[in-house]
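Q: Right, I'll just put the structure down here and ask away after.
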Amino acid sequence: MIRLFAAMLALAAALAALPAWADDNRPLTVTITEEGRGLFDVAWKIPPNVEAPFLPEIVAPDTCVAGEMTRNWSDSLGHWRQREWTCPQGLAGADIAIDYPLANPNLATIARIHPAEGAIQTLLLQPGDNILHVPAAEEAQARGSTFVEFLKLGFEHIWEGIDHLLFVTGLIIIAGTWRRILVTVTGFTVAHSITLALAALDVIRLNTRAVEAVIALSIVFLAVEIARGNRQTLTWRRPVAVAASFGLLHGFGFASVLREIGLPDEGLLTGLFAFNVGIEIGQVIFAGALIAAWQLARRIPPVPQQAVSLQKFASYGLGITASYWMIERMSSA
């Protein structure tokens with residue numbers, strides 16, 4: 001088991017070295033607000049860890065005329081651009097192009113459209129998509145409920161948050177048995193669900209970069225424990241305590257994307273619940289895949305010396321990667 005998990009952890013650590021896969025790489029966010037009949041304010045930004053030259057152009061549909069005045073600025077949230085569009089026919093049914101000047105740095109897109117009348121629309125695009133289609137009224141009804149949209153958002157967010165998944169992997173390695181894995185992952189889930197709700201509802205607000213630095217530190221902590229292999233420490237004896245403690249901080253990390261786009265005015269609790277359920281579905285699938293690999297690994301004869309070597313290699317690779325994240329995030333906190 002240790003040998004297979006160590007190899008998987010080493011591979012995950014190598015993939016995690018790509019900055020765009022880290023959880024601090026939030027999406028391109030687009031906000032379109034109808035200020036008057038046919039007049040739209042369009043603002044968009046890329047996250048602060050992506051360089052300003054990658055800021056794309058949001059191209060107005062053919063039925064719209066983009067204003068000549070453009071505002072550009074940067075702050076702690078990212079690099080921004082703002083412009084006004086005049087769209088006599090509105091935006092329903094229109095296609096909006098996303099034109100990156102260099103290349104898409106593996107950013108997903110989240111768009112929020114605030115019409116003068118009616119419900120706010122949330123649109124999601126994967127990194128490879130560059131056409132934002134604004135659904136017409138009949139299309140909007142067919143797209144599904146707020147619950148479905150935020151369920152998808154939560155599921156996609158956990159799979160893009162490699163640092164969260166690596167933390168879960170470390171927990172599973174340390175927990176070891178079915179019962180301990182269930183208790184440990186449940187503790188992590190309960191803890192991050194609490195702070196996710198508090199942060200998304202703005203009851204508590206912490207510095208996002210500082211939170212992400214501590215999330216990276218939590219991975220370093222597990223990497224050290226796995227490398228040492230001292231089963232007498234509190235981490236090995238009571239992994240649920242570590243899972244719940246760090247889970248509180250991971251919840252603030254999960255909430256960052258919700259603060260980017262905002263929860264819907266109608267169905268706020270539904271959207272929050274669906275986002276959390278989406279995270280849990282993605283997390284359970286990931287954990288299930290690891291446990292299935294564990295069962296397969298039990299059929300492989302153990303090679304103790306090789307297993308120890310791979311375990312240390314994996315923990316060092318994971319620790320170095322997470323340390324890099326931690327230093328990078330602390331420097332910009």
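Ordered as shown in the structure tokens, chains take letters A, B, and onward, while each chain numbers its residues from 1 and ligands are numbered from 1 in the order shown.
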Select from range 60-271 of chain A everything DSSP, run on the backbone, classes as alpha helix (DSSP H), then give the selection as number ranges by chain.
A: A: 137-143, 146-160, 162-175, 178-200, 208-228, 234-237, 239-261, 268-271
Q: May I have the residues from that selection written out with C-alpha atoms, as a tab-separated table (two decimals), in the first residue's frame?
A:
```
chain	number	residue	atom	x	y	z
A	137	ALA	CA	-34.97	33.03	-21.68
A	138	GLU	CA	-35.97	29.57	-22.92
A	139	GLU	CA	-32.35	28.37	-22.77
A	140	ALA	CA	-31.95	29.66	-19.21
A	141	GLN	CA	-34.91	27.56	-18.10
A	142	ALA	CA	-33.41	24.47	-19.73
A	143	ARG	CA	-29.98	24.99	-18.15
A	146	THR	CA	-29.30	27.16	-9.04
A	147	PHE	CA	-28.62	23.92	-7.19
A	148	VAL	CA	-27.29	22.20	-10.33
A	149	GLU	CA	-25.14	25.17	-11.35
A	150	PHE	CA	-23.46	25.52	-7.95
A	151	LEU	CA	-23.15	21.74	-7.61
A	152	LYS	CA	-21.09	21.73	-10.83
A	153	LEU	CA	-19.10	24.72	-9.61
A	154	GLY	CA	-18.15	22.96	-6.36
A	155	PHE	CA	-17.24	19.72	-8.16
A	156	GLU	CA	-15.03	21.55	-10.65
A	157	HIS	CA	-13.41	23.64	-7.92
A	158	ILE	CA	-12.21	20.66	-5.88
A	159	TRP	CA	-10.68	19.00	-8.95
A	160	GLU	CA	-8.84	22.21	-9.81
A	162	ILE	CA	-4.72	20.14	-6.30
A	163	ASP	CA	-3.47	21.33	-2.93
A	164	HIS	CA	-6.71	20.24	-1.24
A	165	LEU	CA	-6.54	16.84	-2.93
A	166	LEU	CA	-2.92	16.34	-1.91
A	167	PHE	CA	-3.87	17.11	1.68
A	168	VAL	CA	-6.64	14.48	1.50
A	169	THR	CA	-4.14	12.01	0.04
A	170	GLY	CA	-1.80	12.58	2.98
A	171	LEU	CA	-4.66	12.05	5.41
A	172	ILE	CA	-5.61	8.75	3.77
A	173	ILE	CA	-2.02	7.50	3.88
A	174	ILE	CA	-1.72	8.29	7.58
A	175	ALA	CA	-5.20	7.00	8.50
A	178	TRP	CA	-11.14	1.86	6.47
A	179	ARG	CA	-12.54	3.00	9.80
A	180	ARG	CA	-9.83	5.59	10.43
A	181	ILE	CA	-10.11	6.90	6.85
A	182	LEU	CA	-13.88	7.34	7.25
A	183	VAL	CA	-13.54	9.16	10.59
A	184	THR	CA	-10.65	11.32	9.35
A	185	VAL	CA	-12.25	12.40	6.08
A	186	THR	CA	-15.54	13.06	7.89
A	187	GLY	CA	-13.71	15.33	10.35
A	188	PHE	CA	-12.13	17.21	7.47
A	189	THR	CA	-15.51	17.56	5.73
A	190	VAL	CA	-17.37	18.85	8.79
A	191	ALA	CA	-14.63	21.36	9.62
A	192	HIS	CA	-14.26	22.88	6.16
A	193	SER	CA	-18.04	22.94	5.68
A	194	ILE	CA	-18.38	25.20	8.74
A	195	THR	CA	-15.79	27.77	7.66
A	196	LEU	CA	-16.89	27.58	4.01
A	197	ALA	CA	-20.35	28.75	5.08
A	198	LEU	CA	-19.04	31.43	7.43
A	199	ALA	CA	-16.63	32.83	4.83
A	200	ALA	CA	-19.05	32.67	1.90
A	208	THR	CA	-7.01	34.95	1.10
A	209	ARG	CA	-3.29	34.71	0.40
A	210	ALA	CA	-2.51	34.13	4.08
A	211	VAL	CA	-5.09	31.34	4.20
A	212	GLU	CA	-3.62	29.74	1.08
A	213	ALA	CA	-0.13	29.93	2.63
A	214	VAL	CA	-1.38	28.01	5.68
A	215	ILE	CA	-3.08	25.47	3.39
A	216	ALA	CA	0.32	24.86	1.79
A	217	LEU	CA	1.81	24.60	5.28
A	218	SER	CA	-0.72	21.88	6.13
A	219	ILE	CA	0.60	19.79	3.23
A	220	VAL	CA	4.19	20.37	4.41
A	221	PHE	CA	3.14	19.21	7.88
A	222	LEU	CA	1.70	15.94	6.53
A	223	ALA	CA	4.74	15.42	4.28
A	224	VAL	CA	7.04	15.65	7.31
A	225	GLU	CA	4.90	13.21	9.28
A	226	ILE	CA	4.86	10.71	6.40
A	227	ALA	CA	8.64	11.01	5.96
A	228	ARG	CA	9.30	10.46	9.65
A	234	LEU	CA	-0.64	12.70	17.63
A	235	THR	CA	-0.96	12.94	13.83
A	236	TRP	CA	-0.66	9.17	13.39
A	237	ARG	CA	-2.65	8.28	16.53
A	239	PRO	CA	-5.44	11.92	12.32
A	240	VAL	CA	-9.00	13.23	12.69
A	241	ALA	CA	-7.71	15.97	15.01
A	242	VAL	CA	-5.26	17.19	12.37
A	243	ALA	CA	-7.89	16.83	9.62
A	244	ALA	CA	-10.43	18.91	11.53
A	245	SER	CA	-7.92	21.58	12.58
A	246	PHE	CA	-6.54	22.21	9.12
A	247	GLY	CA	-9.98	21.60	7.62
A	248	LEU	CA	-11.17	24.85	9.20
A	249	LEU	CA	-8.58	26.73	7.14
A	250	HIS	CA	-9.23	24.73	3.97
A	251	GLY	CA	-12.85	25.88	4.22
A	252	PHE	CA	-11.73	29.48	3.80
A	253	GLY	CA	-9.82	28.40	0.71
A	254	PHE	CA	-12.91	26.69	-0.74
A	255	ALA	CA	-14.92	29.86	-0.12
A	256	SER	CA	-12.59	32.06	-2.20
A	257	VAL	CA	-14.32	31.21	-5.48
A	258	LEU	CA	-17.75	31.94	-3.99
A	259	ARG	CA	-16.58	35.37	-2.88
A	260	GLU	CA	-15.30	35.94	-6.41
A	261	ILE	CA	-18.73	35.51	-7.99
A	268	LEU	CA	-28.61	31.78	-1.33
A	269	LEU	CA	-28.60	28.83	1.05
A	270	THR	CA	-29.41	26.46	-1.81
A	271	GLY	CA	-26.39	27.70	-3.77
```
Q: Using only C-alpha atoms, which of A:Lys312, A:His114, A:His79, A:Arg238 sits nearest Pro48 in chain A?
A: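 Of A:Lys312, A:His114, A:His79, A:Arg238, the one nearest Pro48 in chain A, counting only C-alpha atoms, is A:His79.
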Q: Can you tell me how far CA of Glu84 in chain A sits from CA of Pro127 in chain A, in Å to one decimal?
A: 25.1 Å
Q: Counting only C-alpha atoms, what is within 10 Å of Pro53 in chain A, bar same-chain residues fewer than 6 positions away, as a ChimeraX atom specification?
A: /A:79,100-103
Q: Separation of CA of Asn207 in chain A and CA of Ser315 in chain A, in Å?
A: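 That distance, rounded to one decimal, is 28.2 Å.
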Q: Out of range 88-312 of chain A, which residues get strand (DSSP E or B) from DSSP, as a VMD selection string?
A: chain A and resid 95 to 99 109 to 114 121 to 125 131 to 133
Q: Mind dumping the selected residues with C-alpha atoms as a PDB file, in the first residue's frame?
A:
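Output (selection.pdb):
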```pdb
ATOM      1  CA  ASP A  95     -21.970  34.984 -27.883  1.00  0.00           C
ATOM      2  CA  ILE A  96     -19.154  36.842 -26.119  1.00  0.00           C
ATOM      3  CA  ALA A  97     -15.593  35.942 -27.126  1.00  0.00           C
ATOM      4  CA  ILE A  98     -12.686  35.747 -24.689  1.00  0.00           C
ATOM      5  CA  ASP A  99      -9.508  36.730 -26.528  1.00  0.00           C
ATOM      6  CA  THR A 109     -14.047  31.417 -16.492  1.00  0.00           C
ATOM      7  CA  ILE A 110     -16.871  32.408 -14.184  1.00  0.00           C
ATOM      8  CA  ALA A 111     -19.275  35.066 -15.451  1.00  0.00           C
ATOM      9  CA  ARG A 112     -22.068  36.780 -13.545  1.00  0.00           C
ATOM     10  CA  ILE A 113     -24.713  38.626 -15.536  1.00  0.00           C
ATOM     11  CA  HIS A 114     -26.865  41.103 -13.606  1.00  0.00           C
ATOM     12  CA  GLN A 121     -27.158  34.319 -14.222  1.00  0.00           C
ATOM     13  CA  THR A 122     -23.953  32.419 -13.444  1.00  0.00           C
ATOM     14  CA  LEU A 123     -22.030  30.985 -16.395  1.00  0.00           C
ATOM     15  CA  LEU A 124     -19.068  28.612 -16.169  1.00  0.00           C
ATOM     16  CA  LEU A 125     -16.428  27.835 -18.786  1.00  0.00           C
ATOM     17  CA  ILE A 131     -16.975  31.590 -26.126  1.00  0.00           C
ATOM     18  CA  LEU A 132     -19.318  32.790 -23.409  1.00  0.00           C
ATOM     19  CA  HIS A 133     -22.868  32.111 -24.556  1.00  0.00           C
TER      20      HIS A 133
END
```
Q: Kindly give the distance, in Å, that separates CA of Trp80 in chain A and CA of Met330 in chain A, rounded to a single decimal.
A: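 Separation between CA of Trp80 in chain A and CA of Met330 in chain A: 22.4 Å.
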